[in-house]
file query27.json (JSON, C-alpha atoms and all ligand atoms)
[["chain", "number", "residue", "atom", "x", "y", "z"],
["A", 1, "MET", "CA", -20.82, 1.69, 31.71],
["A", 2, "LEU", "CA", -23.99, 2.89, 30.02],
["A", 3, "GLU", "CA", -25.12, 4.49, 33.28],
["A", 4, "ASN", "CA", -22.53, 7.21, 32.82],
["A", 5, "PRO", "CA", -24.25, 10.25, 31.29],
["A", 6, "SER", "CA", -21.05, 11.30, 29.50],
["A", 7, "LEU", "CA", -21.31, 8.15, 27.39],
["A", 8, "GLN", "CA", -24.88, 8.63, 26.25],
["A", 9, "ALA", "CA", -25.63, 8.56, 22.54],
["A", 10, "ILE", "CA", -27.03, 12.09, 22.59],
["A", 11, "ASP", "CA", -23.48, 13.55, 22.80],
["A", 12, "PHE", "CA", -22.17, 11.54, 19.89],
["A", 13, "HIS", "CA", -20.95, 13.99, 17.24],
["A", 14, "HIS", "CA", -18.63, 12.77, 14.53],
["A", 15, "LEU", "CA", -17.93, 14.51, 11.23],
["A", 16, "PRO", "CA", -17.54, 11.90, 8.46],
["A", 17, "VAL", "CA", -14.15, 12.21, 6.71],
["A", 18, "LEU", "CA", -13.70, 12.23, 2.92],
["A", 19, "ALA", "CA", -17.49, 12.16, 2.62],
["A", 20, "ASP", "CA", -17.48, 13.80, -0.84],
["A", 21, "ALA", "CA", -15.09, 11.20, -2.21],
["A", 22, "VAL", "CA", -17.12, 8.33, -0.75],
["A", 23, "LEU", "CA", -20.32, 9.76, -2.23],
["A", 24, "LYS", "CA", -18.63, 10.29, -5.57],
["A", 25, "ALA", "CA", -17.56, 6.63, -5.60],
["A", 26, "THR", "CA", -21.19, 5.54, -5.12],
["A", 27, "ALA", "CA", -21.99, 6.95, -8.59],
["A", 28, "ASP", "CA", -20.53, 3.66, -9.89],
["A", 29, "LEU", "CA", -22.72, 1.38, -7.76],
["A", 30, "PRO", "CA", -23.77, -1.57, -9.94],
["A", 31, "PHE", "CA", -27.54, -1.42, -9.41],
["A", 32, "GLY", "CA", -28.16, -3.35, -12.66],
["A", 33, "GLU", "CA", -30.70, -6.08, -12.00],
["A", 34, "PHE", "CA", -30.98, -5.04, -8.33],
["A", 35, "ASP", "CA", -33.71, -2.45, -7.97],
["A", 36, "SER", "CA", -33.09, -2.30, -4.26],
["A", 37, "GLY", "CA", -29.57, -2.90, -3.12],
["A", 38, "LEU", "CA", -27.79, -3.55, 0.14],
["A", 39, "PHE", "CA", -24.73, -1.78, 1.45],
["A", 40, "ILE", "CA", -22.69, -2.63, 4.51],
["A", 41, "ASP", "CA", -21.20, 0.08, 6.69],
["A", 42, "ALA", "CA", -18.73, -1.99, 8.70],
["A", 43, "THR", "CA", -17.85, 0.92, 11.00],
["A", 44, "LEU", "CA", -21.11, 2.74, 11.51],
["A", 45, "GLY", "CA", -19.96, 5.19, 14.23],
["A", 46, "GLY", "CA", -22.56, 7.94, 14.45],
["A", 47, "GLY", "CA", -23.88, 6.97, 11.01],
["A", 48, "GLY", "CA", -22.42, 10.03, 9.24],
["A", 49, "HIS", "CA", -21.38, 8.33, 5.99],
["A", 50, "SER", "CA", -24.40, 6.04, 6.02],
["A", 51, "ARG", "CA", -26.80, 8.91, 6.38],
["A", 52, "LEU", "CA", -25.39, 10.67, 3.31],
["A", 53, "ILE", "CA", -25.60, 7.47, 1.25],
["A", 54, "LEU", "CA", -29.14, 6.66, 2.41],
["A", 55, "GLU", "CA", -30.20, 10.21, 1.53],
["A", 56, "ALA", "CA", -28.66, 9.96, -1.93],
["A", 57, "TYR", "CA", -30.09, 6.49, -2.78],
["A", 58, "PRO", "CA", -33.67, 5.87, -1.62],
["A", 59, "GLN", "CA", -33.44, 2.34, -3.07],
["A", 60, "LEU", "CA", -30.50, 1.31, -0.86],
["A", 61, "ARG", "CA", -30.79, -0.63, 2.38],
["A", 62, "LEU", "CA", -28.11, -0.55, 5.04],
["A", 63, "ILE", "CA", -26.66, -3.04, 7.47],
["A", 64, "GLY", "CA", -24.52, -0.97, 9.83],
["A", 65, "LEU", "CA", -22.08, -2.59, 12.24],
["A", 66, "ASP", "CA", -20.21, -1.18, 15.17],
["A", 67, "GLN", "CA", -18.60, -2.95, 18.07],
["A", 68, "ASP", "CA", -19.27, 0.05, 20.29],
["A", 69, "PRO", "CA", -22.79, -0.13, 21.76],
["A", 70, "VAL", "CA", -22.73, 3.63, 22.40],
["A", 71, "ALA", "CA", -22.05, 4.29, 18.69],
["A", 72, "CYS", "CA", -24.87, 1.94, 17.70],
["A", 73, "ARG", "CA", -27.35, 3.78, 19.89],
["A", 74, "ALA", "CA", -26.20, 7.11, 18.46],
["A", 75, "ALA", "CA", -26.51, 5.81, 14.90],
["A", 76, "LYS", "CA", -29.99, 4.52, 15.66],
["A", 77, "GLN", "CA", -31.03, 8.06, 16.61],
["A", 78, "HIS", "CA", -29.23, 9.74, 13.72],
["A", 79, "LEU", "CA", -30.66, 7.29, 11.16],
["A", 80, "GLU", "CA", -34.19, 7.36, 12.54],
["A", 81, "PRO", "CA", -35.63, 9.00, 9.36],
["A", 82, "PHE", "CA", -34.45, 5.95, 7.38],
["A", 83, "ARG", "CA", -35.39, 3.30, 9.95],
["A", 84, "ASP", "CA", -37.32, 1.16, 7.43],
["A", 85, "ARG", "CA", -34.14, 0.67, 5.42],
["A", 86, "VAL", "CA", -31.66, 0.27, 8.26],
["A", 87, "GLU", "CA", -30.53, -2.66, 10.36],
["A", 88, "ILE", "CA", -27.97, -1.96, 13.06],
["A", 89, "VAL", "CA", -25.79, -4.76, 14.41],
["A", 90, "THR", "CA", -23.67, -4.34, 17.52],
["A", 91, "GLY", "CA", -20.60, -6.46, 16.91],
["A", 92, "ASN", "CA", -17.16, -6.79, 15.46],
["A", 93, "PHE", "CA", -16.90, -6.75, 11.68],
["A", 94, "SER", "CA", -14.44, -9.62, 11.90],
["A", 95, "ASP", "CA", -17.33, -11.89, 13.00],
["A", 96, "PHE", "CA", -19.80, -10.70, 10.37],
["A", 97, "SER", "CA", -20.98, -12.70, 7.39],
["A", 98, "ILE", "CA", -23.88, -12.42, 4.96],
["A", 99, "ASP", "CA", -25.39, -14.48, 2.10],
["A", 100, "GLU", "CA", -27.34, -11.70, 0.37],
["A", 101, "PRO", "CA", -25.69, -9.84, -2.56],
["A", 102, "VAL", "CA", -23.99, -6.63, -1.41],
["A", 103, "LEU", "CA", -23.42, -3.58, -3.61],
["A", 104, "MET", "CA", -20.90, -1.83, -1.39],
["A", 105, "VAL", "CA", -18.83, -2.32, 1.75],
["A", 106, "LEU", "CA", -17.53, 0.77, 3.52],
["A", 107, "ALA", "CA", -15.02, 0.68, 6.38],
["A", 108, "ASP", "CA", -13.95, 3.96, 8.00],
["A", 109, "LEU", "CA", -11.42, 2.51, 10.42],
["A", 110, "GLY", "CA", -10.20, 3.70, 13.77],
["A", 111, "LEU", "CA", -11.97, 5.78, 16.34],
["A", 112, "SER", "CA", -14.89, 8.14, 16.26],
["A", 113, "SER", "CA", -14.47, 11.62, 17.72],
["A", 114, "PRO", "CA", -16.59, 10.87, 20.82],
["A", 115, "GLN", "CA", -14.51, 7.78, 21.61],
["A", 116, "LEU", "CA", -11.41, 9.98, 21.55],
["A", 117, "ASP", "CA", -12.91, 12.95, 23.31],
["A", 118, "ILE", "CA", -14.73, 11.30, 26.22],
["A", 119, "PRO", "CA", -12.09, 10.86, 28.94],
["A", 120, "GLU", "CA", -13.85, 7.81, 30.44],
["A", 121, "ARG", "CA", -13.07, 5.85, 27.26],
["A", 122, "GLY", "CA", -9.37, 6.12, 28.14],
["A", 123, "PHE", "CA", -8.01, 6.84, 24.63],
["A", 124, "SER", "CA", -6.74, 10.34, 25.32],
["A", 125, "PHE", "CA", -3.63, 11.54, 27.10],
["A", 126, "ARG", "CA", -4.82, 15.13, 26.90],
["A", 127, "ASN", "CA", -7.79, 14.49, 29.21],
["A", 128, "ASP", "CA", -7.23, 12.11, 32.08],
["A", 129, "GLY", "CA", -9.18, 8.87, 32.05],
["A", 130, "PRO", "CA", -8.89, 5.24, 33.08],
["A", 131, "LEU", "CA", -6.46, 3.09, 31.08],
["A", 132, "ASP", "CA", -9.11, 1.36, 29.02],
["A", 133, "MET", "CA", -9.07, 2.03, 25.19],
["A", 134, "ARG", "CA", -11.53, -0.74, 24.35],
["A", 135, "MET", "CA", -13.95, 0.23, 21.58],
["A", 136, "ASN", "CA", -16.39, -2.19, 23.17],
["A", 137, "GLN", "CA", -16.17, -1.66, 26.92],
["A", 138, "VAL", "CA", -18.36, -4.67, 27.61],
["A", 139, "GLU", "CA", -15.77, -7.20, 26.39],
["A", 140, "GLY", "CA", -12.05, -7.83, 26.38],
["A", 141, "GLU", "CA", -9.09, -6.58, 28.31],
["A", 142, "PRO", "CA", -8.47, -2.88, 29.04],
["A", 143, "VAL", "CA", -4.96, -1.45, 28.69],
["A", 144, "SER", "CA", -4.53, -1.43, 32.49],
["A", 145, "GLU", "CA", -4.75, -5.26, 32.45],
["A", 146, "LEU", "CA", -2.79, -5.74, 29.23],
["A", 147, "ILE", "CA", 0.28, -3.94, 30.56],
["A", 148, "GLN", "CA", 0.12, -5.99, 33.77],
["A", 149, "ARG", "CA", -0.20, -9.29, 31.93],
["A", 150, "LEU", "CA", 2.53, -8.85, 29.29],
["A", 151, "ASN", "CA", 6.17, -9.20, 30.21],
["A", 152, "GLU", "CA", 8.60, -6.44, 29.29],
["A", 153, "HIS", "CA", 9.71, -8.15, 26.10],
["A", 154, "GLU", "CA", 6.16, -8.78, 24.84],
["A", 155, "LEU", "CA", 5.14, -5.22, 25.67],
["A", 156, "ALA", "CA", 8.14, -3.80, 23.78],
["A", 157, "ASP", "CA", 7.25, -5.92, 20.75],
["A", 158, "ILE", "CA", 3.70, -4.57, 20.70],
["A", 159, "ILE", "CA", 4.88, -0.97, 21.04],
["A", 160, "TYR", "CA", 7.36, -1.50, 18.22],
["A", 161, "LYS", "CA", 5.08, -3.43, 15.89],
["A", 162, "PHE", "CA", 1.86, -1.44, 16.28],
["A", 163, "GLY", "CA", 3.35, 1.95, 17.15],
["A", 164, "GLU", "CA", 6.52, 1.81, 15.03],
["A", 165, "GLU", "CA", 8.14, 3.36, 18.10],
["A", 166, "ARG", "CA", 11.94, 3.28, 18.05],
["A", 167, "LEU", "CA", 12.15, 3.65, 21.84],
["A", 168, "SER", "CA", 9.89, 0.66, 22.42],
["A", 169, "ARG", "CA", 12.35, -1.26, 24.62],
["A", 170, "ARG", "CA", 13.05, 1.73, 26.83],
["A", 171, "ILE", "CA", 9.34, 2.54, 27.17],
["A", 172, "ALA", "CA", 8.37, -1.05, 27.98],
["A", 173, "ARG", "CA", 11.11, -1.22, 30.62],
["A", 174, "ARG", "CA", 9.86, 2.01, 32.19],
["A", 175, "ILE", "CA", 6.24, 0.87, 32.21],
["A", 176, "LYS", "CA", 7.05, -2.45, 33.87],
["A", 177, "GLN", "CA", 9.31, -0.68, 36.39],
["A", 178, "ASP", "CA", 6.55, 1.83, 37.26],
["A", 179, "LEU", "CA", 4.05, -0.98, 37.73],
["A", 180, "LYS", "CA", 6.47, -2.84, 39.99],
["A", 181, "ASN", "CA", 7.13, 0.28, 42.07],
["A", 182, "ASN", "CA", 3.62, 1.75, 42.23],
["A", 183, "GLY", "CA", 1.21, -1.11, 41.46],
["A", 184, "ALA", "CA", -0.75, 0.76, 38.77],
["A", 185, "TYR", "CA", -0.97, 4.04, 36.87],
["A", 186, "SER", "CA", -3.58, 6.49, 38.08],
["A", 187, "GLY", "CA", -4.78, 7.11, 34.50],
["A", 188, "THR", "CA", -3.89, 8.04, 30.93],
["A", 189, "ILE", "CA", -2.00, 11.23, 31.85],
["A", 190, "ASP", "CA", 0.14, 9.38, 34.38],
["A", 191, "LEU", "CA", 1.12, 6.79, 31.75],
["A", 192, "ALA", "CA", 1.73, 9.45, 29.06],
["A", 193, "TYR", "CA", 3.96, 11.39, 31.46],
["A", 194, "SER", "CA", 6.02, 8.32, 32.17],
["A", 195, "ILE", "CA", 6.39, 7.54, 28.44],
["A", 196, "ALA", "CA", 7.43, 11.13, 27.74],
["A", 197, "GLY", "CA", 10.17, 10.69, 30.36],
["A", 198, "CYS", "CA", 11.75, 8.00, 28.16],
["A", 199, "TYR", "CA", 12.39, 10.59, 25.43],
["A", 200, "PRO", "CA", 15.50, 12.78, 25.49],
["A", 201, "PRO", "CA", 14.41, 16.34, 26.47],
["A", 202, "LYS", "CA", 15.03, 17.73, 22.96],
["A", 203, "MET", "CA", 12.68, 15.18, 21.39],
["A", 204, "ARG", "CA", 9.82, 15.93, 23.82],
["A", 205, "LYS", "CA", 9.04, 19.27, 22.18],
["A", 206, "GLY", "CA", 8.00, 18.08, 18.68],
["A", 207, "ARG", "CA", 4.54, 18.52, 17.16],
["A", 208, "THR", "CA", 3.59, 15.00, 18.13],
["A", 209, "HIS", "CA", 3.28, 14.10, 21.79],
["A", 210, "PRO", "CA", 5.87, 11.44, 22.75],
["A", 211, "ALA", "CA", 3.10, 9.10, 23.96],
["A", 212, "THR", "CA", 1.24, 9.12, 20.62],
["A", 213, "ARG", "CA", 2.87, 6.04, 19.12],
["A", 214, "THR", "CA", 2.69, 3.99, 22.30],
["A", 215, "PHE", "CA", -0.97, 4.87, 22.82],
["A", 216, "GLN", "CA", -1.70, 3.88, 19.21],
["A", 217, "ALA", "CA", 0.07, 0.55, 19.76],
["A", 218, "LEU", "CA", -1.80, -0.23, 22.98],
["A", 219, "ARG", "CA", -5.12, 0.66, 21.37],
["A", 220, "ILE", "CA", -4.46, -1.57, 18.36],
["A", 221, "ALA", "CA", -3.47, -4.40, 20.70],
["A", 222, "VAL", "CA", -6.47, -4.28, 23.05],
["A", 223, "ASN", "CA", -8.91, -4.07, 20.15],
["A", 224, "ASN", "CA", -7.09, -6.66, 18.02],
["A", 225, "GLU", "CA", -7.43, -4.17, 15.17],
["A", 226, "MET", "CA", -5.00, -5.62, 12.63],
["A", 227, "PHE", "CA", -6.53, -9.08, 12.91],
["A", 228, "ALA", "CA", -10.04, -7.64, 12.42],
["A", 229, "LEU", "CA", -8.94, -5.65, 9.37],
["A", 230, "GLU", "CA", -7.25, -8.70, 7.82],
["A", 231, "LYS", "CA", -10.49, -10.65, 8.20],
["A", 232, "LEU", "CA", -12.56, -7.85, 6.69],
["A", 233, "LEU", "CA", -10.21, -7.63, 3.71],
["A", 234, "ILE", "CA", -10.55, -11.37, 3.11],
["A", 235, "ASN", "CA", -14.32, -11.56, 3.66],
["A", 236, "SER", "CA", -15.71, -8.43, 1.98],
["A", 237, "PRO", "CA", -14.94, -9.42, -1.63],
["A", 238, "LYS", "CA", -16.94, -12.63, -1.01],
["A", 239, "TRP", "CA", -20.07, -10.60, -0.21],
["A", 240, "LEU", "CA", -19.82, -8.17, -3.12],
["A", 241, "VAL", "CA", -21.71, -8.54, -6.40],
["A", 242, "LYS", "CA", -19.83, -8.10, -9.67],
["A", 243, "GLU", "CA", -18.58, -4.49, -9.79],
["A", 244, "GLY", "CA", -19.58, -4.00, -6.16],
["A", 245, "LEU", "CA", -17.44, -1.43, -4.37],
["A", 246, "PHE", "CA", -15.13, -1.86, -1.41],
["A", 247, "CYS", "CA", -14.12, 1.47, 0.18],
["A", 248, "VAL", "CA", -11.67, 1.60, 3.08],
["A", 249, "ILE", "CA", -10.56, 4.72, 4.95],
["A", 250, "SER", "CA", -7.49, 4.17, 7.11],
["A", 251, "PHE", "CA", -5.69, 6.45, 9.53],
["A", 252, "HIS", "CA", -2.19, 5.09, 9.95],
["A", 253, "SER", "CA", 0.46, 3.50, 7.81],
["A", 254, "LEU", "CA", 0.03, -0.05, 9.19],
["A", 255, "GLU", "CA", -3.62, -0.12, 8.17],
["A", 256, "ASP", "CA", -3.03, 1.58, 4.84],
["A", 257, "ARG", "CA", -0.23, -0.85, 3.93],
["A", 258, "LEU", "CA", -2.52, -3.80, 4.62],
["A", 259, "VAL", "CA", -5.34, -2.33, 2.51],
["A", 260, "LYS", "CA", -2.99, -1.38, -0.32],
["A", 261, "HIS", "CA", -1.45, -4.87, -0.52],
["A", 262, "SER", "CA", -4.76, -6.60, -0.24],
["A", 263, "PHE", "CA", -6.33, -4.54, -3.06],
["A", 264, "LEU", "CA", -3.26, -5.14, -5.20],
["A", 265, "ASN", "CA", -2.94, -8.88, -4.62],
["A", 266, "ASP", "CA", -6.52, -10.09, -4.26],
["A", 267, "ASP", "CA", -7.55, -11.62, -7.62],
["A", 268, "ARG", "CA", -11.20, -10.96, -6.85],
["A", 269, "LEU", "CA", -10.59, -7.18, -6.79],
["A", 270, "GLU", "CA", -9.61, -4.51, -9.26],
["A", 271, "ARG", "CA", -8.25, -1.25, -7.90],
["A", 272, "VAL", "CA", -10.32, 1.86, -8.60],
["A", 273, "THR", "CA", -7.76, 4.12, -6.89],
["A", 274, "ARG", "CA", -4.04, 3.56, -7.48],
["A", 275, "LYS", "CA", -3.07, 6.24, -5.02],
["A", 276, "PRO", "CA", -5.13, 6.86, -1.89],
["A", 277, "ILE", "CA", -7.54, 9.80, -1.83],
["A", 278, "ILE", "CA", -6.66, 12.25, 0.93],
["A", 279, "ALA", "CA", -8.48, 15.21, 2.46],
["A", 280, "SER", "CA", -8.31, 18.64, 0.88],
["A", 281, "ARG", "CA", -6.75, 21.52, 2.80],
["A", 282, "SER", "CA", -10.16, 22.97, 3.53],
["A", 283, "GLU", "CA", -11.42, 19.65, 4.91],
["A", 284, "VAL", "CA", -8.35, 19.37, 7.16],
["A", 285, "ALA", "CA", -8.89, 22.96, 8.34],
["A", 286, "ASN", "CA", -12.52, 22.16, 9.13],
["A", 287, "ASN", "CA", -11.87, 18.69, 10.57],
["A", 288, "PRO", "CA", -8.27, 18.13, 11.74],
["A", 289, "ARG", "CA", -8.93, 14.39, 12.17],
["A", 290, "SER", "CA", -9.15, 14.05, 8.39],
["A", 291, "ARG", "CA", -5.44, 14.96, 8.20],
["A", 292, "SER", "CA", -4.22, 11.36, 8.19],
["A", 293, "ALA", "CA", -7.21, 9.76, 6.43],
["A", 294, "LYS", "CA", -6.55, 7.71, 3.27],
["A", 295, "LEU", "CA", -9.35, 6.33, 1.15],
["A", 296, "ARG", "CA", -8.72, 3.36, -1.14],
["A", 297, "ILE", "CA", -11.42, 1.92, -3.38],
["A", 298, "ALA", "CA", -11.57, -1.42, -5.18],
["A", 299, "ARG", "CA", -14.21, -3.10, -7.33],
["A", 300, "ARG", "CA", -15.24, -6.76, -7.38],
["A", 301, "ARG", "CA", -14.17, -8.29, -10.70],
["A", 302, "ASP", "CA", -16.78, -11.05, -11.23],
["A", 401, "LIG", "C1", -14.09, 6.51, 12.40],
["A", 401, "LIG", "S1", -15.48, 5.82, 13.22],
["A", 401, "LIG", "C2", -16.69, 5.70, 11.94],
["A", 401, "LIG", "C3", -17.48, 6.95, 11.78],
["A", 401, "LIG", "C4", -18.59, 6.85, 10.76],
["A", 401, "LIG", "N1", -18.09, 6.57, 9.43],
["A", 401, "LIG", "C5", -19.41, 8.13, 10.73],
["A", 401, "LIG", "O1", -19.39, 8.83, 9.71],
["A", 401, "LIG", "O2", -20.06, 8.44, 11.73],
["A", 401, "LIG", "C6", -15.00, 4.16, 13.38],
["A", 401, "LIG", "C7", -16.02, 3.31, 14.11],
["A", 401, "LIG", "O3", -15.69, 1.96, 13.82],
["A", 401, "LIG", "C8", -15.87, 1.18, 14.96],
["A", 401, "LIG", "N2", -15.00, 0.01, 14.78],
["A", 401, "LIG", "C9", -13.65, -0.01, 14.70],
["A", 401, "LIG", "N3", -13.21, -1.26, 14.53],
["A", 401, "LIG", "C10", -14.33, -2.05, 14.47],
["A", 401, "LIG", "C11", -14.53, -3.45, 14.30],
["A", 401, "LIG", "N4", -13.50, -4.30, 14.17],
["A", 401, "LIG", "N5", -15.79, -3.92, 14.27],
["A", 401, "LIG", "C12", -16.85, -3.08, 14.42],
["A", 401, "LIG", "N6", -16.72, -1.75, 14.62],
["A", 401, "LIG", "C13", -15.46, -1.23, 14.63],
["A", 401, "LIG", "C14", -15.50, 2.08, 16.11],
["A", 401, "LIG", "O4", -16.15, 1.65, 17.29],
["A", 401, "LIG", "C15", -15.98, 3.44, 15.61],
["A", 401, "LIG", "O5", -17.26, 3.74, 16.09]]
call {"tool": "encode", "arguments": {"input": "query27.json", "output": "C-alpha cells"}}
result
Amino acid sequence: MLENPSLQAIDFHHLPVLADAVLKATADLPFGEFDSGLFIDATLGGGGHSRLILEAYPQLRLIGLDQDPVACRAAKQHLEPFRDRVEIVTGNFSDFSIDEPVLMVLADLGLSSPQLDIPERGFSFRNDGPLDMRMNQVEGEPVSELIQRLNEHELADIIYKFGEERLSRRIARRIKQDLKNNGAYSGTIDLAYSIAGCYPPKMRKGRTHPATRTFQALRIAVNNEMFALEKLLINSPKWLVKEGLFCVISFHSLEDRLVKHSFLNDDRLERVTRKPIIASRSEVANNPRSRSAKLRIARRRD
C-alpha cells in the first residue's frame, strides 16, 4: 500500500474543523501543579489541531494517535518543529491506555480529507476506487469482503443501523443479487450506481447522493467505529486530571448521540457545552466538511 505515490504523506492536507472553538476551550486547561502537561490527540490526522495547541502552549506535550499509518507519517512531518514534545502512536484509540495524568483528550472523529479524496482509499463514490474504506489498510476486512461475507439480512441491518437508511432491505437485496450475478463490483462507482437504482427516480435528484447513507454505514462497519467511540468515551475520563478537558468533534447523528449521552450520564464528567458548538457560516464556506461538525466539551469532575 505505501508504495503507491498517491498515498504518500506529502499530499496530506486537512483543514482542522472548529479550530477556534477547540483553542478557546484550552484556555481552561488545569495546569495547576503541572508545569508541563500532557494532552492526547486521539485522532491525529495531519496534526492540524495538535499543531495549533502545541504552538499556543510551549509547556504541553502531545501523544498523538491515528490508526492510519499514512496520517501518522504526515503528522510526523507537519509536527517536526515540535518533535521534542511529540510522540506519535500508530494504532486504534480503542486499544490505548496511559497511567500519566492527562490535561486534555481531543477526538476529531471520522475521516480526514485525504482519506476521502484519494480514490485508492475507496471511501468516495465520486472518484472510482476499490471497495476498501478501511482507515488502516494494513488490517481488517475491506468493504468488498464484508459485503460478500454478510448475508442479505445482516447487510440490511448494518445499512439501517449505521446509515439510518430507510431503503436498507431493498439495497441489501440488490447488492447480494449483483454479487450473485456478477461476482464482484468493479469499484465504488459501480456500487454507488447500483444503490442509486434502488431509489425511486424522483428521490435520486436530491442534494444528497442516494449512496451516501449506505457508504457511511459500510465505512462505520468495516472500521468498527461505534465500538471504538464507546471505548474512548469510557476510557478518557479515567486518564484526565481533575478539571481536565474532553473535547469530541463528531460528524453524524449516531456519533453525536453517543457523545451527548455519555457526557450527560457519566458521573465523572461535567458538561462544559450543553448544546454542541457548530461551524460558523464563514467556516462552512471556507471548508464545506465543517458543515456537519459538532463539538461537545466536558470536564473531569474530580
Ligand atoms: C477528521 S481526521 C482528524 C484530523 C485532525 N484533527 C487534523 O486536524 O489534522 C480523523 C482521523 O482520525 C483517525 N481515526 C478515526 N478513528 C480512529 C480510531 N478509532 N483510532 C485511531 N485513529 C482513528 C482517522 O484515521 C483520521 O486520520
call {"tool": "atom_distance", "arguments": {"input": "query27.json", "atom1": "atom CA of Glu139 of chain A", "atom2": "atom CA of Ile40 of chain A"}}
result
23.4 Å
call {"tool": "closest_atom_pairs", "arguments": {"input": "query27.json", "of": "chain A", "to": "ligand LIG 401 (chain A)", "cutoff": "7 Å", "atoms": "all atoms listed in the file", "output": "Markdown table"}}
result
| residue | atom | partner | partner_atom | distance |
| --- | --- | --- | --- | --- |
| A:His14 | CA | A:LIG401 | O2 | 5.4 |
| A:Leu15 | CA | A:LIG401 | O1 | 6.1 |
| A:Pro16 | CA | A:LIG401 | O1 | 3.8 |
| A:Val17 | CA | A:LIG401 | O1 | 6.9 |
| A:Ala42 | CA | A:LIG401 | C12 | 6.1 |
| A:Thr43 | CA | A:LIG401 | O3 | 3.7 |
| A:Leu44 | CA | A:LIG401 | C4 | 4.9 |
| A:Gly45 | CA | A:LIG401 | O5 | 3.6 |
| A:Gly46 | CA | A:LIG401 | O2 | 3.7 |
| A:Gly47 | CA | A:LIG401 | O2 | 4.2 |
| A:Gly48 | CA | A:LIG401 | O1 | 3.3 |
| A:His49 | CA | A:LIG401 | O1 | 4.2 |
| A:Ser50 | CA | A:LIG401 | O1 | 6.8 |
| A:Leu65 | CA | A:LIG401 | C12 | 5.7 |
| A:Asp66 | CA | A:LIG401 | N6 | 3.6 |
| A:Gln67 | CA | A:LIG401 | C12 | 4.0 |
| A:Asp68 | CA | A:LIG401 | O4 | 4.6 |
| A:Ala71 | CA | A:LIG401 | O5 | 5.5 |
| A:Gly91 | CA | A:LIG401 | C12 | 5.6 |
| A:Asn92 | CA | A:LIG401 | N5 | 3.4 |
| A:Phe93 | CA | A:LIG401 | N5 | 4.0 |
| A:Ser94 | CA | A:LIG401 | N4 | 5.9 |
| A:Asp108 | CA | A:LIG401 | C1 | 5.1 |
| A:Leu109 | CA | A:LIG401 | C6 | 4.9 |
| A:Gly110 | CA | A:LIG401 | C6 | 4.8 |
| A:Leu111 | CA | A:LIG401 | C1 | 4.5 |
| A:Ser112 | CA | A:LIG401 | S1 | 3.9 |
| A:Met135 | CA | A:LIG401 | O4 | 5.0 |
| A:Glu225 | CA | A:LIG401 | N4 | 6.2 |
| A:Ala228 | CA | A:LIG401 | N4 | 5.1 |
| A:Leu229 | CA | A:LIG401 | N4 | 6.8 |
call {"tool": "residues_around", "arguments": {"input": "query27.json", "residues": "Ala25 of chain A", "least_positions_apart": "6", "cutoff": "10 Å", "atoms": "all atoms listed in the file", "output": "ChimeraX atom specification"}}
result
/A:19,245-247,272,297
call {"tool": "atom_distance", "arguments": {"input": "query27.json", "atom1": "atom CA of Asp99 of chain A", "atom2": "atom CA of Val241 of chain A"}}
result
11.0 Å
call {"tool": "residues_near_point", "arguments": {"input": "query27.json", "point": "(1.5, 6.6, 21.4)", "cutoff": "10 Å", "atoms": "only C-alpha atoms", "output": "PyMOL selection string"}}
result
chain A and resi 124-125+159+162-165+192+195-196+208-219
call {"tool": "closest_residue", "arguments": {"input": "query27.json", "among": "A:Ala56, A:Ile189, A:Met226, A:Ala184", "to": "Ser250 of chain A", "atoms": "all atoms listed in the file"}}
result
A:Met226
call {"tool": "residues_around", "arguments": {"input": "query27.json", "residues": "Tyr185 of chain A", "least_positions_apart": "2", "cutoff": "10 Å", "atoms": "all atoms listed in the file", "output": "PyMOL selection string"}}
result
chain A and resi 130-131+144+175+178-179+182-183+187-192+194
call {"tool": "write_last_selection", "arguments": {"input": "query27.json", "atoms": "C-alpha atoms", "output": "JSON list (two decimals), in the coordinates of the input"}}
result
[["chain", "number", "residue", "atom", "x", "y", "z"],
["A", 130, "PRO", "CA", -8.89, 5.24, 33.08],
["A", 131, "LEU", "CA", -6.46, 3.09, 31.08],
["A", 144, "SER", "CA", -4.53, -1.43, 32.49],
["A", 175, "ILE", "CA", 6.24, 0.87, 32.21],
["A", 178, "ASP", "CA", 6.55, 1.83, 37.26],
["A", 179, "LEU", "CA", 4.05, -0.98, 37.73],
["A", 182, "ASN", "CA", 3.62, 1.75, 42.23],
["A", 183, "GLY", "CA", 1.21, -1.11, 41.46],
["A", 187, "GLY", "CA", -4.78, 7.11, 34.50],
["A", 188, "THR", "CA", -3.89, 8.04, 30.93],
["A", 189, "ILE", "CA", -2.00, 11.23, 31.85],
["A", 190, "ASP", "CA", 0.14, 9.38, 34.38],
["A", 191, "LEU", "CA", 1.12, 6.79, 31.75],
["A", 192, "ALA", "CA", 1.73, 9.45, 29.06],
["A", 194, "SER", "CA", 6.02, 8.32, 32.17]]
call {"tool": "closest_residue", "arguments": {"input": "query27.json", "among": "A:Ser168, A:Ser186, A:Asn181, A:Gln59", "to": "Phe31 of chain A", "atoms": "all atoms listed in the file"}}
result
A:Gln59
call {"tool": "atom_distance", "arguments": {"input": "query27.json", "atom1": "atom CA of Val102 of chain A", "atom2": "atom CA of Asp302 of chain A"}}
result
13.0 Å
call {"tool": "closest_residue", "arguments": {"input": "query27.json", "among": "A:Leu155, A:Ala74, A:Leu269, A:Leu106", "to": "Glu243 of chain A", "atoms": "all atoms listed in the file"}}
result
A:Leu269
call {"tool": "closest_residue", "arguments": {"input": "query27.json", "among": "A:Lys180, A:His13, A:His153, A:Arg61", "to": "Gln77 of chain A", "atoms": "all atoms listed in the file"}}
result
A:His13
call {"tool": "closest_residue", "arguments": {"input": "query27.json", "among": "A:Asn223, A:Ser280, A:Gln148, A:Thr90", "to": "Met133 of chain A", "atoms": "only C-alpha atoms"}}
result
A:Asn223
call {"tool": "closest_residue", "arguments": {"input": "query27.json", "among": "A:Arg299, A:His252, A:Lys161, A:Arg173", "to": "Ile147 of chain A", "atoms": "all atoms listed in the file"}}
result
A:Arg173
call {"tool": "residues_around", "arguments": {"input": "query27.json", "residues": "Leu79 of chain A", "least_positions_apart": "4", "cutoff": "7 Å", "atoms": "all atoms listed in the file", "output": "VMD selection string"}}
result
chain A and resid 47 51 75 83
